[in-house]
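Chemist: The file below is data-v5.txt, compact mmCIF, C-alpha atoms:
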# COMPACT_ATOMS: atom_id res chain seq x y z
CA MET A 1 111.43 90.02 111.05
CA ILE A 2 109.51 93.20 111.85
CA ARG A 3 111.61 96.20 112.87
CA GLN A 4 109.24 97.86 115.33
CA ASN A 5 111.08 101.21 115.38
CA THR A 6 111.57 101.53 111.61
CA PHE A 7 108.72 102.96 109.56
CA LEU A 8 108.32 103.12 105.79
CA ILE A 9 106.28 106.14 104.72
CA LEU A 10 104.76 105.81 101.25
CA LEU A 11 104.61 109.21 99.52
CA GLY A 12 103.18 110.28 96.18
CA GLY A 13 106.40 110.95 94.25
CA ASN A 14 108.21 108.68 91.80
CA LEU A 15 109.34 105.32 93.12
CA ASP A 16 111.23 102.50 91.40
CA LYS A 17 111.50 99.05 92.95
CA THR A 18 115.13 97.94 93.26
CA GLU A 19 116.88 95.20 95.20
CA ARG A 20 118.65 97.88 97.23
CA LEU A 21 115.33 99.47 98.18
CA GLU A 22 113.84 96.10 99.11
CA GLN A 23 116.75 95.48 101.47
CA GLN A 24 116.37 98.92 103.04
CA ILE A 25 112.66 98.52 103.79
CA ALA A 26 112.69 94.84 104.82
CA GLY A 27 110.74 94.37 108.03
CA ALA A 28 109.68 98.00 108.36
CA ARG A 29 106.21 98.96 109.53
CA VAL A 30 104.31 100.87 106.85
CA ILE A 31 102.13 103.98 106.75
CA ALA A 32 100.75 105.34 103.48
CA ALA A 33 100.19 109.03 102.82
CA ASP A 34 97.23 109.52 100.47
CA GLY A 35 98.23 108.63 96.87
CA GLY A 36 101.47 107.05 98.08
CA MET A 37 99.35 103.93 98.67
CA ARG A 38 99.74 103.15 94.97
CA HIS A 39 103.30 101.97 95.71
CA ALA A 40 102.21 99.35 98.24
CA GLN A 41 101.40 96.59 95.78
CA MET A 42 104.63 97.10 93.84
CA LEU A 43 106.64 96.81 97.06
CA SER A 44 104.55 93.91 98.39
CA VAL A 45 103.81 95.71 101.64
CA ALA A 46 100.57 96.13 103.58
CA PRO A 47 100.31 99.50 105.37
CA GLU A 48 98.85 99.41 108.87
CA LEU A 49 97.55 102.96 108.45
CA TRP A 50 96.52 105.20 105.55
CA VAL A 51 96.27 108.93 106.20
CA GLY A 52 95.52 112.11 104.25
CA ASP A 53 92.73 114.06 102.64
CA PHE A 54 92.53 111.39 99.89
CA ASP A 55 92.36 113.93 97.09
CA SER A 56 95.02 111.98 95.16
CA SER A 57 93.62 108.51 95.86
CA PRO A 58 91.28 107.35 93.08
CA GLU A 59 88.28 105.25 94.03
CA GLN A 60 89.80 102.10 92.55
CA LEU A 61 92.82 102.46 94.85
CA ILE A 62 90.56 102.81 97.88
CA GLU A 63 88.56 99.76 96.75
CA ALA A 64 91.78 97.75 96.38
CA TRP A 65 92.65 98.22 100.08
CA PRO A 66 89.29 97.87 101.90
CA ASP A 67 90.77 96.46 105.12
CA THR A 68 93.44 99.11 105.67
CA HIS A 69 92.62 101.48 108.50
CA ARG A 70 92.09 104.95 107.03
CA LYS A 71 92.44 108.16 108.99
CA PRO A 72 91.03 111.04 106.91
CA TYR A 73 92.00 114.69 107.30
CA PRO A 74 90.38 117.79 105.78
CA ALA A 75 91.90 119.25 102.63
CA ALA A 76 92.41 122.59 104.42
CA LYS A 77 95.09 121.67 106.96
CA ASN A 78 98.43 122.98 108.19
CA LEU A 79 100.45 119.84 107.43
CA THR A 80 101.03 117.87 104.25
CA ASP A 81 99.83 114.27 104.11
CA GLY A 82 103.46 113.17 104.29
CA GLU A 83 104.10 115.17 107.48
CA ILE A 84 100.95 113.69 109.00
CA ALA A 85 102.12 110.17 108.16
CA VAL A 86 105.52 110.83 109.74
CA GLU A 87 103.96 112.27 112.89
CA GLU A 88 101.75 109.18 113.15
CA ALA A 89 104.88 107.01 112.89
CA LEU A 90 106.63 109.04 115.59
CA ALA A 91 103.62 108.63 117.86
CA LEU A 92 103.98 104.87 117.38
CA GLY A 93 107.61 104.96 118.48
CA ALA A 94 109.50 105.42 115.22
CA GLU A 95 113.23 105.96 115.55
CA ARG A 96 114.04 105.49 111.88
CA ILE A 97 111.97 106.83 108.97
CA ILE A 98 112.25 105.80 105.31
CA MET A 99 110.35 108.26 103.13
CA ALA A 100 109.77 106.43 99.83
CA GLY A 101 108.54 108.51 96.91
CA ALA A 102 110.02 111.61 98.52
CA LEU A 103 112.21 112.69 95.58
CA GLY A 104 111.21 113.70 92.08
CA GLY A 105 107.66 113.58 90.80
CA GLU A 106 105.47 116.41 89.56
CA ARG A 107 105.78 118.62 92.65
CA SER A 108 109.24 120.12 93.12
CA ASP A 109 107.94 122.03 96.14
CA HIS A 110 107.02 118.77 97.86
CA ALA A 111 110.40 117.21 97.07
CA PHE A 112 112.24 120.23 98.48
CA MET A 113 110.00 120.26 101.55
CA HIS A 114 110.80 116.58 102.14
CA MET A 115 114.52 117.44 102.15
CA THR A 116 114.20 120.25 104.68
CA PHE A 117 111.71 118.24 106.76
CA ALA A 118 114.20 115.34 106.85
CA CYS A 119 116.88 117.69 108.20
CA ALA A 120 114.48 118.92 110.89
CA LEU A 121 113.63 115.32 111.86
CA SER A 122 117.31 114.48 112.03
CA GLN A 123 117.83 117.35 114.47
CA ARG A 124 115.19 115.68 116.64
CA GLY A 125 117.30 112.51 116.71
CA ILE A 126 115.39 110.57 114.05
CA ASP A 127 117.38 108.62 111.45
CA VAL A 128 115.89 109.54 108.05
CA LEU A 129 116.35 108.19 104.53
CA LEU A 130 114.62 109.76 101.52
CA THR A 131 114.40 107.60 98.41
CA SER A 132 112.93 107.27 94.95
CA GLY A 133 114.57 103.88 94.49
CA THR A 134 117.09 105.36 92.06
CA GLU A 135 118.06 108.37 94.19
CA GLU A 136 118.68 108.51 97.93
CA ALA A 137 119.17 111.38 100.36
CA TRP A 138 120.33 111.57 103.98
CA PRO A 139 120.48 114.64 106.23
CA LEU A 140 123.96 115.64 107.37
CA LEU A 141 124.37 117.19 110.80
CA THR A 142 127.46 117.82 112.88
CA GLY A 143 129.59 114.77 113.47
CA SER A 144 130.71 111.93 111.22
CA ARG A 145 128.82 109.24 109.32
CA THR A 146 129.77 106.55 106.79
CA PHE A 147 127.50 105.74 103.84
CA ASP A 148 127.56 102.46 101.94
CA LEU A 149 127.59 103.80 98.38
CA PRO A 150 128.44 101.56 95.41
CA PRO A 151 131.86 102.25 93.88
CA SER A 152 131.74 104.67 90.92
CA SER A 153 128.27 105.95 91.84
CA LEU A 154 127.56 109.67 91.85
CA PHE A 155 126.75 111.74 94.92
CA SER A 156 126.45 115.40 95.84
CA ILE A 157 126.29 117.39 99.05
CA LEU A 158 123.66 120.15 99.12
CA ASN A 159 124.04 122.64 101.94
CA PHE A 160 121.21 124.70 103.43
CA ALA A 161 123.58 127.06 105.24
CA ASP A 162 127.30 127.75 105.49
CA VAL A 163 129.08 124.53 106.47
CA SER A 164 132.42 124.48 108.26
CA GLY A 165 134.91 121.71 108.88
CA LEU A 166 133.62 119.51 106.05
CA HIS A 167 135.57 116.28 105.53
CA ILE A 168 134.89 113.82 102.70
CA THR A 169 136.86 110.56 102.45
CA GLY A 170 136.35 107.48 100.29
CA ALA A 171 135.56 109.60 97.23
CA ARG A 172 137.34 110.71 94.09
CA TYR A 173 137.34 114.31 95.30
CA GLU A 174 138.19 114.35 98.98
CA LEU A 175 138.03 117.40 101.23
CA GLN A 176 139.63 118.17 104.57
CA ALA A 177 138.34 120.86 106.95
CA PHE A 178 136.63 122.63 104.03
CA GLU A 179 134.51 125.74 104.45
CA LEU A 180 131.48 125.34 102.17
CA GLU A 181 129.60 128.55 101.57
CA PHE A 182 125.83 128.51 101.21
CA GLY A 183 124.94 128.26 97.51
CA SER A 184 128.33 126.87 96.45
CA SER A 185 128.38 124.13 93.78
CA ARG A 186 131.77 122.83 94.93
CA THR A 187 130.34 119.58 96.32
CA LEU A 188 128.19 118.56 93.34
CA SER A 189 128.88 115.42 91.25
CA ASN A 190 131.44 113.59 93.34
CA VAL A 191 132.17 109.89 92.80
CA ALA A 192 132.20 107.20 95.48
CA GLU A 193 135.18 104.85 95.57
CA GLY A 194 133.54 102.62 98.15
CA PRO A 195 131.98 103.56 101.50
CA VAL A 196 132.05 107.35 101.84
CA THR A 197 132.62 109.04 105.20
CA ILE A 198 131.37 112.59 105.66
CA SER A 199 131.81 114.77 108.71
CA LEU A 200 131.16 118.42 109.42
CA LYS A 201 131.83 120.72 112.33
CA SER A 202 128.82 122.98 111.91
CA GLY A 203 125.99 123.67 109.50
CA SER A 204 123.22 121.67 107.87
CA ALA A 205 123.39 119.76 104.59
CA LEU A 206 122.05 116.78 102.68
CA LEU A 207 123.80 113.93 100.92
CA LEU A 208 122.06 113.15 97.62
CA SER A 209 123.27 109.97 95.93
CA ARG A 210 122.54 108.07 92.74
CA PRO A 211 123.60 104.51 93.62
CA PHE A 212 122.90 103.12 90.14
CA ASP A 213 124.46 105.99 88.18
CA GLN A 214 127.92 104.84 87.08
CA SER A 215 128.53 107.75 84.73
CA GLY A 216 131.34 108.98 86.95
CA ARG A 217 133.64 106.15 85.91
For the structure just supplied, provide its representation as structure tokens.
Modeler:
Amino acid sequence: MIRQNTFLILLGGNLDKTERLEQQIAGARVIAADGGMRHAQMLSVAPELWVGDFDSSPEQLIEAWPDTHRKPYPAAKNLTDGEIAVEEALALGAERIIMAGALGGERSDHAFMHMTFACALSQRGIDVLLTSGTEEAWPLLTGSRTFDLPPSSLFSILNFADVSGLHITGARYELQAFELEFGSSRTLSNVAEGPVTISLKSGSALLLSRPFDQSGR
């Protein structure tokens, strides 16, 4: 079943195929950003659109997808290929974005930009998941949200500003009405004990989880 308002954006970072990832992307519409198209075959998806300046798409990759509609952009542009792909998805009515290949890879600047971009999208009311298959990240805004994390898996909360009224339940190290200063490492390397509920009164942060990392046992 196609989920018309959910879009999978294929990015150029590392991506591992897992059963959890397959469940997350099932039925999503797909847009590839430049070299992120290399993940399409592994995931058994067929993008409806392929955007970018194509500087990281070798000729053999282009030849492998001759029927996919391509929308080229100049190399000198104000947006990354990933941002362009997301904006195309939003124009098509996206309400949920899964950015696959958004974490890790050779470009730390791109990975960090994806995190801050995800927070900005979340402030616009878009539900965003960043994933490499083995790591996942969700923006955290004011309010409460429950995350289905496997028991004993590791997770951290990275804050981009001072955070107040932070609550964490369902974890080994729970917090109640905690004031998390910007740059603090207090919320690194926590351990899920089942679904984890996180709420905050003010501030902006990101939940980074490793669903297959059981080293916290």
Chemist: Around the point (113.9, 104.8, 95.8), in the coordinates given by the file, pick out the residues reaching within 12 Å, counting all atoms listed in the file, and return them as a ChimeraX atom specification.
Modeler: /A:8-11,13-25,39,43,98-105,129-137,208-212
Chemist: Given the choices A:Leu206, A:Ile198, A:Val45, A:Met113, which gets closest to Arg29 of chain A if the distance is worked out from only C-alpha atoms?
Modeler: A:Val45
Chemist: Rank nothing, just name the residue among A:Val163, A:Leu49, A:Leu154, A:Val30 nearest to Asp67 of chain A, using all atoms listed in the file.
Modeler: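 Distance minimum relative to Asp67 of chain A lands on A:Leu49.
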Chemist: Around the point (135.5, 102.0, 97.3) (coordinates from the file), which residues reach within 7 Å if we count only C-alpha atoms? Answer as a PyMOL selection string.
Modeler: chain A and resi 151+170+192-195
Chemist: Which residues are near Lys201 of chain A? Cut-off 9 Å, all atoms listed in the file, ignore same chain within fewer than 3 positions. Put them as a ChimeraX atom specification.
Modeler: /A:141-144,163-167,177
Chemist: Between atom CA of Glu181 of chain A and atom CA of Asn159 of chain A, what is the distance in Å, rounded to a tenth?
Modeler: 8.1 Å
Chemist: If I only want segment 136-166 of chain A, can you write it with N, CA and C atoms, as an mmCIF file, in the first residue's frame?
Modeler:
data_model
loop_
_atom_site.group_PDB
_atom_site.id
_atom_site.type_symbol
_atom_site.label_atom_id
_atom_site.label_comp_id
_atom_site.auth_asym_id
_atom_site.auth_seq_id
_atom_site.Cartn_x
_atom_site.Cartn_y
_atom_site.Cartn_z
ATOM 1 N N GLU A 136 19.557 5.818 13.964
ATOM 2 C CA GLU A 136 18.355 6.581 13.655
ATOM 3 C C GLU A 136 18.357 7.870 14.466
ATOM 4 N N ALA A 137 17.750 8.911 13.923
ATOM 5 C CA ALA A 137 17.678 10.178 14.644
ATOM 6 C C ALA A 137 16.324 10.833 14.388
ATOM 7 N N TRP A 138 15.759 11.402 15.460
ATOM 8 C CA TRP A 138 14.495 12.137 15.384
ATOM 9 C C TRP A 138 14.657 13.495 16.052
ATOM 10 N N PRO A 139 14.148 14.554 15.455
ATOM 11 C CA PRO A 139 14.150 15.850 16.124
ATOM 12 C C PRO A 139 13.242 15.813 17.356
ATOM 13 N N LEU A 140 13.634 16.566 18.372
ATOM 14 C CA LEU A 140 12.840 16.699 19.586
ATOM 15 C C LEU A 140 12.469 18.163 19.757
ATOM 16 N N LEU A 141 11.178 18.444 19.749
ATOM 17 C CA LEU A 141 10.688 19.783 20.006
ATOM 18 C C LEU A 141 9.891 19.766 21.302
ATOM 19 N N THR A 142 9.291 20.877 21.649
ATOM 20 C CA THR A 142 8.514 20.915 22.882
ATOM 21 C C THR A 142 7.335 19.949 22.791
ATOM 22 N N GLY A 143 6.993 19.376 23.938
ATOM 23 C CA GLY A 143 5.943 18.379 23.980
ATOM 24 C C GLY A 143 6.511 17.014 24.310
ATOM 25 N N SER A 144 5.705 15.986 24.128
ATOM 26 C CA SER A 144 6.092 14.625 24.512
ATOM 27 C C SER A 144 5.934 13.679 23.326
ATOM 28 N N ARG A 145 6.845 12.703 23.245
ATOM 29 C CA ARG A 145 6.773 11.709 22.182
ATOM 30 C C ARG A 145 7.377 10.397 22.672
ATOM 31 N N THR A 146 6.779 9.285 22.251
ATOM 32 C CA THR A 146 7.267 7.958 22.625
ATOM 33 C C THR A 146 7.919 7.302 21.410
ATOM 34 N N PHE A 147 9.084 6.702 21.643
ATOM 35 C CA PHE A 147 9.860 6.063 20.578
ATOM 36 C C PHE A 147 9.972 4.575 20.848
ATOM 37 N N ASP A 148 9.722 3.782 19.817
ATOM 38 C CA ASP A 148 9.757 2.323 19.934
ATOM 39 C C ASP A 148 11.190 1.835 19.746
ATOM 40 N N LEU A 149 11.970 1.884 20.817
ATOM 41 C CA LEU A 149 13.358 1.450 20.765
ATOM 42 C C LEU A 149 13.493 0.049 21.357
ATOM 43 N N PRO A 150 14.283 -0.822 20.745
ATOM 44 C CA PRO A 150 14.464 -2.167 21.288
ATOM 45 C C PRO A 150 15.079 -2.131 22.687
ATOM 46 N N PRO A 151 14.620 -2.990 23.581
ATOM 47 C CA PRO A 151 15.218 -3.041 24.918
ATOM 48 C C PRO A 151 16.722 -3.275 24.851
ATOM 49 N N SER A 152 17.461 -2.587 25.704
ATOM 50 C CA SER A 152 18.917 -2.676 25.835
ATOM 51 C C SER A 152 19.679 -1.934 24.744
ATOM 52 N N SER A 153 18.976 -1.279 23.828
ATOM 53 C CA SER A 153 19.675 -0.525 22.781
ATOM 54 C C SER A 153 20.098 0.839 23.305
ATOM 55 N N LEU A 154 21.175 1.355 22.728
ATOM 56 C CA LEU A 154 21.727 2.638 23.156
ATOM 57 C C LEU A 154 21.025 3.811 22.478
ATOM 58 N N PHE A 155 20.914 4.912 23.211
ATOM 59 C CA PHE A 155 20.442 6.155 22.601
ATOM 60 C C PHE A 155 21.041 7.342 23.345
ATOM 61 N N SER A 156 21.112 8.467 22.660
ATOM 62 C CA SER A 156 21.615 9.706 23.242
ATOM 63 C C SER A 156 20.701 10.844 22.835
ATOM 64 N N ILE A 157 20.715 11.904 23.624
ATOM 65 C CA ILE A 157 20.007 13.131 23.274
ATOM 66 C C ILE A 157 21.048 14.218 23.075
ATOM 67 N N LEU A 158 21.069 14.799 21.876
ATOM 68 C CA LEU A 158 21.998 15.870 21.538
ATOM 69 C C LEU A 158 21.203 17.167 21.475
ATOM 70 N N ASN A 159 21.599 18.155 22.258
ATOM 71 C CA ASN A 159 20.838 19.399 22.268
ATOM 72 C C ASN A 159 21.579 20.509 21.528
ATOM 73 N N PHE A 160 20.812 21.296 20.776
ATOM 74 C CA PHE A 160 21.360 22.389 19.982
ATOM 75 C C PHE A 160 21.191 23.742 20.673
ATOM 76 N N ALA A 161 20.658 23.708 21.877
ATOM 77 C CA ALA A 161 20.463 24.902 22.694
ATOM 78 C C ALA A 161 20.186 24.419 24.104
ATOM 79 N N ASP A 162 20.092 25.347 25.053
ATOM 80 C CA ASP A 162 19.669 24.956 26.396
ATOM 81 C C ASP A 162 18.273 24.349 26.319
ATOM 82 N N VAL A 163 18.073 23.248 27.038
ATOM 83 C CA VAL A 163 16.785 22.566 27.070
ATOM 84 C C VAL A 163 16.277 22.571 28.509
ATOM 85 N N SER A 164 15.019 22.934 28.680
ATOM 86 C CA SER A 164 14.443 22.934 30.021
ATOM 87 C C SER A 164 13.272 21.964 30.092
ATOM 88 N N GLY A 165 13.036 21.475 31.313
ATOM 89 C CA GLY A 165 11.909 20.579 31.538
ATOM 90 C C GLY A 165 12.026 19.257 30.810
ATOM 91 N N LEU A 166 13.238 18.714 30.730
ATOM 92 C CA LEU A 166 13.456 17.448 30.025
ATOM 93 C C LEU A 166 13.044 16.273 30.905
#
